[in-house]
file final_32.tsv (TSV, C-alpha atoms)
chain	number	residue	atom	x	y	z
A	1	MET	CA	-57.11	9.58	-75.28
A	2	LYS	CA	-57.80	11.55	-72.14
A	3	GLN	CA	-59.30	8.57	-70.36
A	4	GLY	CA	-56.41	6.34	-71.33
A	5	SER	CA	-53.94	8.88	-70.03
A	6	SER	CA	-55.74	9.13	-66.67
A	7	LEU	CA	-55.77	5.41	-66.27
A	8	ARG	CA	-52.13	5.24	-67.08
A	9	ASN	CA	-51.41	7.82	-64.40
A	10	ARG	CA	-53.43	5.98	-61.74
A	11	ARG	CA	-51.70	2.80	-62.61
A	12	GLY	CA	-48.51	4.27	-61.08
A	13	MET	CA	-50.02	5.00	-57.70
A	14	SER	CA	-49.79	1.46	-56.29
A	15	PRO	CA	-46.01	1.17	-56.38
A	16	VAL	CA	-45.71	4.57	-54.76
A	17	ILE	CA	-48.14	3.68	-51.98
A	18	ALA	CA	-46.49	0.31	-51.59
A	19	THR	CA	-43.12	1.96	-51.30
A	20	ILE	CA	-44.42	4.44	-48.76
A	21	ILE	CA	-46.05	1.70	-46.70
A	22	LEU	CA	-42.97	-0.46	-46.91
A	23	SER	CA	-40.74	2.44	-45.96
A	24	ALA	CA	-43.02	3.34	-43.09
A	25	ALA	CA	-42.95	-0.24	-41.90
A	26	VAL	CA	-39.18	-0.37	-42.19
A	27	ILE	CA	-38.83	2.93	-40.33
A	28	THR	CA	-41.25	1.87	-37.60
A	29	ILE	CA	-39.74	-1.55	-37.04
A	30	GLY	CA	-36.23	-0.21	-37.51
A	31	GLY	CA	-36.88	2.57	-35.03
A	32	ALA	CA	-38.23	0.10	-32.52
A	33	VAL	CA	-35.23	-2.16	-33.00
A	34	TRP	CA	-32.94	0.86	-32.78
A	35	SER	CA	-34.58	2.01	-29.58
A	36	TYR	CA	-34.43	-1.48	-28.09
A	37	ALA	CA	-30.81	-1.88	-29.13
A	38	GLN	CA	-29.88	1.41	-27.54
A	39	GLY	CA	-31.64	0.55	-24.32
A	40	ALA	CA	-30.21	-2.93	-24.23
A	41	SER	CA	-26.68	-1.72	-24.96
A	42	THR	CA	-26.98	0.93	-22.23
A	43	VAL	CA	-28.16	-1.68	-19.73
A	44	ILE	CA	-25.43	-4.11	-20.76
A	45	ALA	CA	-22.73	-1.43	-20.65
A	46	THR	CA	-23.89	-0.10	-17.28
A	47	GLY	CA	-24.01	-3.61	-15.83
A	48	TYR	CA	-20.59	-4.42	-17.20
A	49	VAL	CA	-19.09	-1.19	-15.82
A	50	ASN	CA	-20.69	-1.77	-12.41
A	51	ASP	CA	-19.42	-5.35	-12.31
A	52	THR	CA	-15.96	-4.22	-13.33
A	53	LEU	CA	-15.92	-1.52	-10.67
A	54	THR	CA	-17.09	-4.03	-8.07
A	55	ILE	CA	-14.28	-6.41	-8.98
A	56	MET	CA	-11.87	-3.49	-9.05
A	57	ARG	CA	-12.81	-2.48	-5.51
A	58	GLU	CA	-12.40	-6.08	-4.46
A	59	VAL	CA	-8.88	-6.39	-5.84
A	60	THR	CA	-7.79	-2.94	-4.66
A	61	GLU	CA	-9.01	-3.41	-1.10
A	62	ARG	CA	-6.10	-3.34	1.35
A	63	PHE	CA	-6.20	-3.67	5.12
A	64	THR	CA	-4.09	-5.11	7.88
A	65	VAL	CA	-4.27	-5.88	11.58
A	66	GLU	CA	-2.24	-3.08	13.10
A	67	HIS	CA	-2.42	-3.84	16.78
A	68	VAL	CA	-4.08	-6.29	19.16
A	69	SER	CA	-4.47	-6.03	22.88
A	70	ASN	CA	-6.64	-7.11	25.75
A	71	ASP	CA	-7.18	-5.89	29.27
A	72	THR	CA	-6.33	-7.69	32.45
A	73	ALA	CA	-9.71	-9.43	32.58
A	74	ARG	CA	-8.93	-10.97	29.16
A	75	THR	CA	-12.57	-10.87	28.15
A	76	PRO	CA	-12.52	-8.07	25.60
A	77	LEU	CA	-10.04	-8.48	22.78
A	78	TYR	CA	-9.25	-5.26	20.94
A	79	VAL	CA	-8.23	-5.51	17.32
A	80	TRP	CA	-7.14	-2.38	15.46
A	81	VAL	CA	-7.54	-2.67	11.72
A	82	TYR	CA	-5.86	-0.23	9.34
A	83	ASN	CA	-7.41	0.34	5.92
A	84	TYR	CA	-4.46	1.51	3.85
A	85	GLY	CA	-6.22	1.03	0.53
A	86	ASP	CA	-8.17	3.49	-1.56
A	87	VAL	CA	-11.67	2.14	-0.95
A	88	ASP	CA	-13.86	2.02	2.13
A	89	ILE	CA	-14.21	-1.41	3.70
A	90	THR	CA	-16.76	-3.27	5.76
A	91	ILE	CA	-15.34	-5.99	7.96
A	92	ASP	CA	-16.11	-8.72	10.45
A	93	VAL	CA	-13.46	-9.89	12.88
A	94	TYR	CA	-13.13	-13.51	14.04
A	95	ALA	CA	-10.96	-14.78	16.89
A	96	ASN	CA	-10.18	-18.43	17.43
A	97	VAL	CA	-8.94	-18.97	20.98
A	98	THR	CA	-7.14	-22.25	21.60
A	99	SER	CA	-8.81	-22.93	24.93
A	100	SER	CA	-12.35	-21.82	24.22
A	101	GLY	CA	-13.14	-21.72	20.52
A	102	MET	CA	-14.36	-19.20	17.99
A	103	TYR	CA	-15.68	-15.70	18.64
A	104	SER	CA	-16.60	-12.86	16.33
A	105	THR	CA	-17.85	-9.34	16.19
A	106	ASP	CA	-21.56	-8.79	15.58
A	107	THR	CA	-22.04	-9.83	11.95
A	108	ASN	CA	-25.28	-7.88	11.80
A	109	ASN	CA	-23.39	-4.74	12.68
A	110	PRO	CA	-20.13	-4.91	10.74
A	111	LEU	CA	-17.34	-2.42	11.25
A	112	LYS	CA	-16.92	0.18	8.51
A	113	ILE	CA	-13.54	1.80	7.91
A	114	GLU	CA	-13.03	4.57	5.41
A	115	ALA	CA	-10.04	4.63	3.08
A	116	GLY	CA	-6.89	5.53	4.98
A	117	GLY	CA	-8.58	5.18	8.36
A	118	PHE	CA	-8.25	2.71	11.16
A	119	ALA	CA	-10.75	1.42	13.69
A	120	LYS	CA	-10.92	-0.76	16.76
A	121	ALA	CA	-12.99	-3.91	16.81
A	122	THR	CA	-13.93	-5.36	20.17
A	123	ILE	CA	-14.59	-9.08	20.59
A	124	THR	CA	-15.77	-10.60	23.80
A	125	ILE	CA	-13.78	-13.76	24.37
A	126	SER	CA	-12.91	-16.19	27.09
A	127	ALA	CA	-9.21	-16.84	27.41
A	128	VAL	CA	-6.46	-17.68	29.83
A	129	SER	CA	-2.89	-16.49	29.94
A	130	GLY	CA	-0.79	-18.11	27.24
A	131	ASP	CA	-3.69	-18.79	24.92
A	132	LYS	CA	-2.99	-18.44	21.25
A	133	VAL	CA	-5.58	-16.38	19.39
A	134	ALA	CA	-5.82	-16.71	15.63
A	135	ILE	CA	-7.44	-13.54	14.36
A	136	LYS	CA	-9.07	-13.27	10.97
A	137	VAL	CA	-10.41	-10.02	9.56
A	138	HIS	CA	-12.90	-10.76	6.81
A	139	SER	CA	-14.17	-8.04	4.51
A	140	ARG	CA	-17.57	-8.10	2.86
A	141	ARG	CA	-15.71	-8.17	-0.45
A	142	GLN	CA	-14.27	-11.54	0.59
A	143	ASN	CA	-10.72	-10.43	1.38
A	144	ASN	CA	-8.96	-11.55	4.57
A	145	ALA	CA	-6.15	-10.44	6.85
A	146	TYR	CA	-4.68	-12.68	9.55
A	147	TYR	CA	-2.87	-12.13	12.81
A	148	THR	CA	-1.71	-14.31	15.68
A	149	TYR	CA	-1.83	-13.00	19.20
A	150	TYR	CA	-0.76	-14.58	22.46
A	151	ILE	CA	-2.71	-13.67	25.58
A	152	PRO	CA	-0.22	-12.25	28.09
B	1	MET	CA	-43.70	4.02	-72.32
B	2	ARG	CA	-43.02	0.53	-70.96
B	3	THR	CA	-39.39	1.32	-70.71
B	4	THR	CA	-40.12	4.47	-68.71
B	5	ARG	CA	-42.35	2.65	-66.21
B	6	THR	CA	-39.89	-0.14	-65.65
B	7	THR	CA	-37.14	2.35	-64.93
B	8	TYR	CA	-39.42	4.22	-62.57
B	9	LEU	CA	-40.26	1.08	-60.61
B	10	ARG	CA	-36.66	-0.07	-60.52
B	11	ARG	CA	-35.66	3.23	-59.00
B	12	ARG	CA	-38.08	2.77	-56.07
B	13	ARG	CA	-37.45	-0.87	-55.44
B	14	GLY	CA	-34.40	-0.33	-53.09
B	15	VAL	CA	-35.78	2.33	-50.76
B	16	SER	CA	-36.58	-0.07	-47.91
B	17	THR	CA	-33.26	-1.80	-48.28
B	18	ILE	CA	-31.49	1.52	-48.08
B	19	LEU	CA	-33.56	2.54	-45.06
B	20	GLY	CA	-32.88	-0.80	-43.40
B	21	THR	CA	-29.19	-0.46	-44.04
B	22	LEU	CA	-29.20	3.06	-42.64
B	23	ILE	CA	-31.01	1.88	-39.53
B	24	PHE	CA	-28.56	-0.99	-39.13
B	25	ILE	CA	-25.62	1.35	-39.44
B	26	GLY	CA	-27.33	3.75	-37.06
B	27	ILE	CA	-27.76	1.01	-34.47
B	28	LEU	CA	-24.16	-0.02	-34.99
B	29	PHE	CA	-22.80	3.46	-34.44
B	30	THR	CA	-25.13	4.71	-31.73
B	31	ALA	CA	-25.63	1.59	-29.63
B	32	VAL	CA	-23.19	-1.22	-30.24
B	33	ILE	CA	-19.95	0.66	-30.76
B	34	PRO	CA	-20.49	3.03	-27.79
B	35	MET	CA	-21.28	-0.01	-25.65
B	36	PHE	CA	-18.02	-1.66	-26.62
B	37	LEU	CA	-16.15	1.59	-26.07
B	38	VAL	CA	-17.59	1.96	-22.57
B	39	MET	CA	-16.72	-1.67	-21.78
B	40	LYS	CA	-13.22	-1.18	-23.10
B	41	GLN	CA	-12.84	1.95	-21.00
B	42	ALA	CA	-13.99	0.07	-17.90
B	43	ASP	CA	-11.45	-2.66	-18.67
B	44	ASN	CA	-8.74	-0.05	-19.03
B	45	ILE	CA	-9.62	1.54	-15.68
B	46	TYR	CA	-9.62	-1.90	-14.05
B	47	THR	CA	-6.25	-2.83	-15.55
B	48	GLN	CA	-4.80	0.53	-14.56
B	49	ASN	CA	-5.99	0.15	-10.96
B	50	VAL	CA	-4.67	-3.39	-10.71
B	51	HIS	CA	-1.33	-2.20	-12.04
B	52	GLU	CA	-1.26	0.67	-9.54
B	53	MET	CA	-2.02	-1.74	-6.69
B	54	GLU	CA	0.77	-4.05	-7.83
B	55	ILE	CA	3.17	-1.11	-7.72
B	56	SER	CA	1.77	-0.10	-4.34
B	57	ASP	CA	2.27	-3.64	-3.00
B	58	GLN	CA	5.83	-3.68	-4.32
B	59	ASP	CA	6.53	-0.32	-2.69
B	60	ARG	CA	5.10	-1.64	0.56
B	61	ALA	CA	7.38	-4.67	0.41
B	62	ARG	CA	10.39	-2.44	-0.26
B	63	GLU	CA	9.86	-0.26	2.80
B	64	ASP	CA	12.65	-0.74	5.30
B	65	ILE	CA	13.17	1.35	8.40
B	66	LYS	CA	15.10	0.95	11.60
B	67	SER	CA	13.81	2.56	14.75
B	68	TYR	CA	15.45	3.26	18.07
B	69	VAL	CA	13.55	4.31	21.14
B	70	TYR	CA	15.07	6.24	24.00
B	71	PRO	CA	13.90	8.36	26.91
B	72	LEU	CA	14.91	11.98	27.49
B	73	ASN	CA	16.77	10.88	30.57
B	74	ALA	CA	16.82	7.97	32.97
B	75	THR	CA	13.71	9.08	34.85
B	76	SER	CA	11.73	11.02	32.23
B	77	ASN	CA	8.35	10.05	30.87
B	78	ASP	CA	9.21	11.72	27.56
B	79	ILE	CA	10.50	9.34	24.97
B	80	TYR	CA	11.90	9.81	21.48
B	81	VAL	CA	11.79	7.52	18.50
B	82	LYS	CA	14.61	7.81	16.02
B	83	VAL	CA	13.67	6.49	12.60
B	84	ALA	CA	16.32	5.67	10.01
B	85	ASN	CA	14.95	4.96	6.57
B	86	THR	CA	17.31	2.39	5.05
B	87	GLY	CA	15.09	1.71	2.07
B	88	VAL	CA	14.98	3.35	-1.31
B	89	LEU	CA	11.53	4.92	-0.89
B	90	PRO	CA	10.38	7.75	1.34
B	91	VAL	CA	8.36	6.49	4.27
B	92	GLU	CA	5.58	8.30	6.08
B	93	ILE	CA	5.01	7.34	9.70
B	94	VAL	CA	1.31	7.68	10.48
B	95	ARG	CA	1.19	6.24	13.98
B	96	VAL	CA	3.47	5.41	16.87
B	97	TRP	CA	2.17	2.69	19.16
B	98	ILE	CA	3.52	2.73	22.67
B	99	ASN	CA	2.12	-0.23	24.54
B	100	ASP	CA	-1.59	-0.07	23.63
B	101	ILE	CA	-1.86	3.66	22.99
B	102	ASN	CA	-1.39	5.16	19.56
B	103	TYR	CA	-0.05	8.60	18.75
B	104	SER	CA	-0.89	10.00	15.31
B	105	GLN	CA	2.03	11.30	13.28
B	106	THR	CA	2.72	12.71	9.85
B	107	THR	CA	6.46	12.25	9.82
B	108	LEU	CA	7.99	11.81	6.40
B	109	VAL	CA	11.41	10.17	6.33
B	110	ALA	CA	13.26	10.44	3.04
B	111	SER	CA	15.32	7.59	1.71
B	112	GLN	CA	18.60	7.15	3.62
B	113	ASP	CA	17.49	9.92	5.99
B	114	THR	CA	16.88	9.99	9.71
B	115	GLN	CA	14.13	11.71	11.69
B	116	VAL	CA	13.45	11.92	15.39
B	117	ILE	CA	9.83	11.70	16.56
B	118	GLY	CA	9.03	13.17	19.91
B	119	PRO	CA	9.05	13.99	22.70
B	120	ILE	CA	6.06	11.75	23.37
B	121	THR	CA	4.90	11.84	26.95
B	122	ILE	CA	3.85	8.41	28.09
B	123	THR	CA	2.90	6.59	31.25
B	124	PRO	CA	5.57	3.91	31.44
B	125	GLN	CA	4.54	0.38	32.24
B	126	ASN	CA	6.54	-1.60	34.71
B	127	GLY	CA	8.77	-3.90	32.71
B	128	SER	CA	8.81	-3.87	28.96
B	129	ASN	CA	7.35	-0.99	27.00
B	130	ILE	CA	6.67	-2.00	23.43
B	131	VAL	CA	6.94	0.60	20.70
B	132	THR	CA	5.92	-0.02	17.09
B	133	LEU	CA	5.57	2.25	14.09
B	134	THR	CA	2.91	2.11	11.40
B	135	THR	CA	3.63	3.47	7.95
B	136	LYS	CA	1.16	4.91	5.50
B	137	ARG	CA	1.68	1.92	3.21
B	138	GLY	CA	0.47	-0.40	5.96
B	139	ASN	CA	3.70	-1.80	7.37
B	140	CYS	CA	4.29	-2.14	11.10
B	141	PHE	CA	7.87	-1.99	12.34
B	142	GLY	CA	9.14	-2.82	15.79
B	143	PRO	CA	12.23	-1.28	17.35
B	144	THR	CA	15.59	-2.41	16.05
B	145	THR	CA	17.14	-2.30	19.48
B	146	GLU	CA	15.82	-4.08	22.51
B	147	THR	CA	12.49	-3.24	24.05
B	148	LEU	CA	12.58	-0.40	26.55
B	149	TYR	CA	12.39	-1.61	30.13
B	150	TYR	CA	11.17	0.49	33.01
B	151	ASP	CA	11.67	-0.27	36.67
B	152	PHE	CA	8.53	0.99	38.34
B	153	ASN	CA	9.93	0.79	41.85
B	154	ASP	CA	13.03	2.84	41.17
B	155	GLY	CA	11.48	4.97	38.43
B	156	TYR	CA	14.33	4.28	36.04
B	157	TRP	CA	14.69	3.17	32.45
B	158	PHE	CA	17.06	0.33	31.84
B	159	THR	CA	19.88	1.03	29.43
B	160	PRO	CA	19.31	-0.53	26.02
B	161	SER	CA	22.06	-1.73	23.74
B	162	LEU	CA	24.02	1.13	22.27
B	163	GLY	CA	25.38	1.01	18.78
B	164	ILE	CA	26.63	2.78	15.70
B	165	HIS	CA	24.72	1.99	12.55
B	166	ILE	CA	26.75	2.48	9.38
B	167	ILE	CA	25.28	2.71	5.89
B	168	VAL	CA	27.55	2.89	2.86
B	169	ILE	CA	25.86	4.01	-0.34
B	170	ASN	CA	27.44	1.75	-2.89
B	171	VAL	CA	27.26	0.57	-6.45
B	172	GLN	CA	29.99	-2.00	-6.20
B	173	GLY	CA	33.22	-2.25	-4.32
B	174	LYS	CA	35.14	-3.80	-1.47
B	175	TYR	CA	35.13	-2.06	1.88
B	176	LYS	CA	36.59	-2.19	5.35
B	177	ILE	CA	34.61	-0.56	8.09
B	178	TRP	CA	36.28	0.28	11.39
B	179	VAL	CA	34.87	1.67	14.60
B	180	HIS	CA	37.29	2.78	17.29
B	181	ASN	CA	37.38	5.20	20.16
B	182	SER	CA	39.85	7.95	20.89
B	183	THR	CA	41.62	6.14	23.70
B	184	CYS	CA	42.42	2.98	21.82
B	185	PRO	CA	44.55	2.58	18.73
B	186	LEU	CA	43.09	1.39	15.46
B	187	PRO	CA	41.65	-1.18	15.21
B	188	TRP	CA	39.94	-0.82	18.54
B	189	ASN	CA	37.14	-3.05	17.49
B	190	VAL	CA	37.35	-5.05	14.34
B	191	ASN	CA	33.85	-6.36	14.80
B	192	GLY	CA	32.89	-3.55	12.51
B	193	GLN	CA	32.90	-5.91	9.60
B	194	ILE	CA	35.17	-6.42	6.68
B	195	LEU	CA	32.82	-6.71	3.77
B	196	ALA	CA	34.01	-8.30	0.58
B	197	TYR	CA	32.27	-7.86	-2.74
B	198	ASP	CA	33.21	-9.15	-6.10
B	199	THR	CA	34.17	-6.16	-8.20
B	200	ASP	CA	33.91	-8.18	-11.41
B	201	THR	CA	30.18	-8.55	-11.24
B	202	ASN	CA	27.40	-6.08	-11.72
B	203	ALA	CA	25.08	-8.05	-9.49
B	204	LEU	CA	25.56	-5.63	-6.62
B	205	ASP	CA	24.48	-2.50	-8.42
B	206	HIS	CA	22.85	-0.03	-6.07
B	207	GLY	CA	23.42	-2.36	-3.13
B	208	GLU	CA	23.88	-0.39	0.05
B	209	ILE	CA	26.11	-1.88	2.73
B	210	GLU	CA	24.88	-1.84	6.30
B	211	CYS	CA	26.33	-2.92	9.59
B	212	THR	CA	25.63	-2.10	13.20
B	213	GLN	CA	28.49	-2.02	15.67
B	214	LEU	CA	27.28	-2.54	19.23
B	215	ILE	CA	29.22	-0.59	21.83
B	216	ASP	CA	29.45	-0.83	25.58
B	217	ALA	CA	26.81	0.78	27.75
B	218	LEU	CA	28.12	3.82	29.57
B	219	PRO	CA	27.62	4.57	33.25
B	220	ASN	CA	26.12	7.84	34.38
B	221	GLY	CA	25.11	8.90	30.92
B	222	LEU	CA	28.62	10.03	30.03
B	223	PRO	CA	29.20	10.80	26.37
B	224	HIS	CA	31.75	8.70	24.57
B	225	ASP	CA	33.58	9.65	21.44
B	226	TYR	CA	34.04	7.20	18.62
B	227	THR	CA	35.45	7.38	15.15
B	228	VAL	CA	34.07	5.54	12.17
B	229	VAL	CA	36.44	4.83	9.30
B	230	VAL	CA	35.16	3.45	6.01
B	231	GLN	CA	37.79	2.40	3.50
B	232	LYS	CA	37.24	1.31	-0.07
B	233	LYS	CA	39.60	-0.89	-2.03
B	234	VAL	CA	41.14	1.03	-4.91
B	235	GLY	CA	43.65	-1.06	-6.81
B	236	ASN	CA	45.64	-2.95	-4.20
B	237	ASP	CA	45.16	-0.37	-1.45
B	238	TYR	CA	42.30	0.70	0.79
B	239	LYS	CA	41.57	4.41	0.77
B	240	ASN	CA	39.30	6.36	3.07
B	241	VAL	CA	35.90	6.99	1.61
B	242	ARG	CA	35.26	10.69	1.14
B	243	GLY	CA	33.91	12.20	4.36
B	244	THR	CA	35.50	9.67	6.69
B	245	PRO	CA	36.81	9.32	9.38
B	246	VAL	CA	33.56	10.42	10.99
B	247	PRO	CA	33.53	11.48	14.65
B	248	VAL	CA	30.55	10.05	16.54
B	249	VAL	CA	29.39	10.98	20.02
B	250	VAL	CA	27.04	8.59	21.79
B	251	VAL	CA	25.06	10.03	24.67
B	252	TRP	CA	22.47	7.98	26.47
B	253	PRO	CA	20.02	8.81	28.06
B	254	GLY	CA	19.34	12.16	26.51
B	255	GLY	CA	20.33	11.00	23.06
B	256	SER	CA	19.76	8.21	20.65
B	257	PRO	CA	21.16	4.82	21.72
B	258	VAL	CA	22.06	4.18	18.12
B	259	ILE	CA	23.82	6.67	15.90
B	260	SER	CA	23.43	6.37	12.15
B	261	VAL	CA	26.39	7.16	9.93
B	262	ILE	CA	25.76	7.40	6.21
B	263	VAL	CA	28.68	7.69	3.80
B	264	ASP	CA	28.79	7.69	0.03
B	265	GLY	CA	31.20	5.09	-1.36
B	266	ARG	CA	30.43	5.76	-4.99
B	267	GLY	CA	32.78	8.64	-5.64
B	268	THR	CA	35.93	7.17	-4.12
call {"tool": "encode", "arguments": {"input": "final_32.tsv", "output": "structure tokens"}}
result
Amino acid sequence: MKQGSSLRNRRGMSPVIATIILSAAVITIGGAVWSYAQGASTVIATGYVNDTLTIMREVTERFTVEHVSNDTARTPLYVWVYNYGDVDITIDVYANVTSSGMYSTDTNNPLKIEAGGFAKATITISAVSGDKVAIKVHSRRQNNAYYTYYIP
Amino acid sequence: MRTTRTTYLRRRRGVSTILGTLIFIGILFTAVIPMFLVMKQADNIYTQNVHEMEISDQDRAREDIKSYVYPLNATSNDIYVKVANTGVLPVEIVRVWINDINYSQTTLVASQDTQVIGPITITPQNGSNIVTLTTKRGNCFGPTTETLYYDFNDGYWFTPSLGIHIIVINVQGKYKIWVHNSTCPLPWNVNGQILAYDTDTNALDHGEIECTQLIDALPNGLPHDYTVVVQKKVGNDYKNVRGTPVPVVVVWPGGSPVISVIVDGRGT
């Protein structure tokens, strides 16, 4: 009677162990999946937010050509650019002179203008009096501002 | 006994399923939903910024100022810039460009208000001296009157066109605007326009009326007295708008070449 009772008790151990093992497996795999999901969602969310902010800066960028002048030698062309937006900008300035072609500022050393500030870009050109200069200010976020200037 | 064991096993059979479900719900609430909330928040910030920029662009397009440049006297290097804000928004002047030199400013001009910037001491160029204004919203405005001309040999400024600029704050109505001087009977100069508006339509709500009456240049900088009369049609008659006739004295050099007169036609 005693032996039978002991056997009957041992017979119940397997389902318990199986349940524990299964639960442990579920918790381990579930924890790993949970951890991966959290990491992946953080990466995805961070990437999405960064992309959104990048696009936001692109669409909120505002700048204009405020003033253009040149000296009597007509070789340097001065272009004042006003950043009236809320984000800092990095720009290159291009000048297309009717008599001599295209010139630009040093693209390896672009001009940086903080929000609300203005700066002068200098382009070395070759021009004669009466030349029409088509000026294009191109930001590194792919926005443009245009201006037409006639060499006095 | 069999019944007891079966019940015991049945009770344990769903533990993994429950754990799995809990983990799934945990992932849902701690990873997926926060991710979507953050994305949604980013979208909201983006939309809000785009909307703000649209409003900013509209405000920029609605800016409207008129500027008049004049020297202190015929030989002075000090010049003044009179700015009349004819728009509906306040305008902040951040820079005055005189030829190729800029002068930083922080002059705020309220709607329908006038401010004088200066004196600004300059080195006049022989011939035309170009003055432009830059506003904080990124607009550049040139002078309303002619460019200032300087004769380098004689050291004199040329006289620009003189005028009286009249603004009538109006909702709707029909007006006659007269400018005359004290020595000539009314109407001395009917070129101050007769403006006709259809009183049966609401299309002119909040539409200000503007006109500029050019007047003759005066020798020796003598002041001349003028009177501006603004009349509004009430019934079959024209009645003076409250505050008019307005006496106007034009002095140039030493004063603005253009005088702004602002009257309110709404209460007549």
call {"tool": "residues_around", "arguments": {"input": "final_32.tsv", "residues": "Asn49 of chain B", "least_positions_apart": "4", "cutoff": "9 Å", "atoms": "all atoms listed in the file", "output": "PyMOL selection string"}}
result
(chain A and resi 56+59-60) or (chain B and resi 44-45+53-54)
call {"tool": "interface_residues", "arguments": {"input": "final_32.tsv", "of": "chain A", "to": "chain B", "cutoff": "6 Å", "atoms": "all atoms listed in the file", "output": "number ranges by chain"}}
result
A: 23, 30, 34, 38, 41, 45, 49, 56, 84
call {"tool": "residues_around", "arguments": {"input": "final_32.tsv", "residues": "Asp131 of chain A", "least_positions_apart": "6", "cutoff": "6 Å", "atoms": "only C-alpha atoms", "output": "PyMOL selection string"}}
result
chain A and resi 98+150-151
call {"tool": "write_last_selection", "arguments": {"input": "final_32.tsv", "atoms": "C-alpha atoms", "output": "compact mmCIF listing (two decimals), in the coordinates of the input"}}
result
# COMPACT_ATOMS: atom_id res chain seq x y z
CA THR A 98 -7.14 -22.25 21.60
CA TYR A 150 -0.76 -14.58 22.46
CA ILE A 151 -2.71 -13.67 25.58
call {"tool": "atom_distance", "arguments": {"input": "final_32.tsv", "atom1": "atom CA of Phe63 of chain A", "atom2": "atom CA of Arg141 of chain A"}}
result
11.9 Å
call {"tool": "atom_distance", "arguments": {"input": "final_32.tsv", "atom1": "atom CA of Lys136 of chain A", "atom2": "atom CA of Ile98 of chain B"}}
result
23.5 Å
call {"tool": "atom_distance", "arguments": {"input": "final_32.tsv", "atom1": "atom CA of Ser14 of chain A", "atom2": "atom CA of Thr28 of chain A"}}
result
20.6 Å
call {"tool": "residues_around", "arguments": {"input": "final_32.tsv", "residues": "Ile262 of chain B", "least_positions_apart": "3", "cutoff": "7 Å", "atoms": "only C-alpha atoms", "output": "JSON, numbers by chain"}}
result
{"B": [166, 167, 168]}
call {"tool": "residues_around", "arguments": {"input": "final_32.tsv", "residues": "Asp88 of chain A", "least_positions_apart": "5", "cutoff": "6 Å", "atoms": "all atoms listed in the file", "output": "ChimeraX atom specification"}}
result
/A:113-115
call {"tool": "closest_residue", "arguments": {"input": "final_32.tsv", "among": "A:Val128, A:Val133, A:Thr54, A:Ser139", "to": "Lys112 of chain A", "atoms": "only C-alpha atoms"}}
result
A:Ser139
call {"tool": "closest_residue", "arguments": {"input": "final_32.tsv", "among": "A:Ala127, A:Ala40, A:Ile89, A:Ala121", "to": "Arg140 of chain A", "atoms": "all atoms listed in the file"}}
result
A:Ile89
call {"tool": "residues_near_point", "arguments": {"input": "final_32.tsv", "point": "(9.8, 13.4, 24.5)", "cutoff": "12 Å", "atoms": "only C-alpha atoms", "output": "PyMOL selection string"}}
result
chain B and resi 69-73+75-82+116-123+253-256
call {"tool": "write_last_selection", "arguments": {"input": "final_32.tsv", "atoms": "C-alpha atoms", "output": "CSV table (one decimal), keeping the file's coordinate frame"}}
result
chain,number,residue,atom,x,y,z
B,69,VAL,CA,13.6,4.3,21.1
B,70,TYR,CA,15.1,6.2,24.0
B,71,PRO,CA,13.9,8.4,26.9
B,72,LEU,CA,14.9,12.0,27.5
B,73,ASN,CA,16.8,10.9,30.6
B,75,THR,CA,13.7,9.1,34.8
B,76,SER,CA,11.7,11.0,32.2
B,77,ASN,CA,8.4,10.0,30.9
B,78,ASP,CA,9.2,11.7,27.6
B,79,ILE,CA,10.5,9.3,25.0
B,80,TYR,CA,11.9,9.8,21.5
B,81,VAL,CA,11.8,7.5,18.5
B,82,LYS,CA,14.6,7.8,16.0
B,116,VAL,CA,13.4,11.9,15.4
B,117,ILE,CA,9.8,11.7,16.6
B,118,GLY,CA,9.0,13.2,19.9
B,119,PRO,CA,9.0,14.0,22.7
B,120,ILE,CA,6.1,11.8,23.4
B,121,THR,CA,4.9,11.8,27.0
B,122,ILE,CA,3.8,8.4,28.1
B,123,THR,CA,2.9,6.6,31.2
B,253,PRO,CA,20.0,8.8,28.1
B,254,GLY,CA,19.3,12.2,26.5
B,255,GLY,CA,20.3,11.0,23.1
B,256,SER,CA,19.8,8.2,20.6
call {"tool": "closest_residue", "arguments": {"input": "final_32.tsv", "among": "B:Ser104, B:Tyr68, B:Val96, B:Asp264", "to": "Gly117 of chain A", "atoms": "only C-alpha atoms"}}
result
B:Ser104
call {"tool": "residues_around", "arguments": {"input": "final_32.tsv", "residues": "Ser128 of chain B", "least_positions_apart": "4", "cutoff": "9 Å", "atoms": "only C-alpha atoms", "output": "count of residues only"}}
result
7
call {"tool": "closest_residue", "arguments": {"input": "final_32.tsv", "among": "B:Asn85, B:Phe29, B:Pro247, B:Thr212", "to": "Ala37 of chain A", "atoms": "only C-alpha atoms"}}
result
B:Phe29
call {"tool": "closest_residue", "arguments": {"input": "final_32.tsv", "among": "B:Pro143, B:Glu208, B:Gly163, B:Ile55", "to": "Ser111 of chain B", "atoms": "all atoms listed in the file"}}
result
B:Glu208
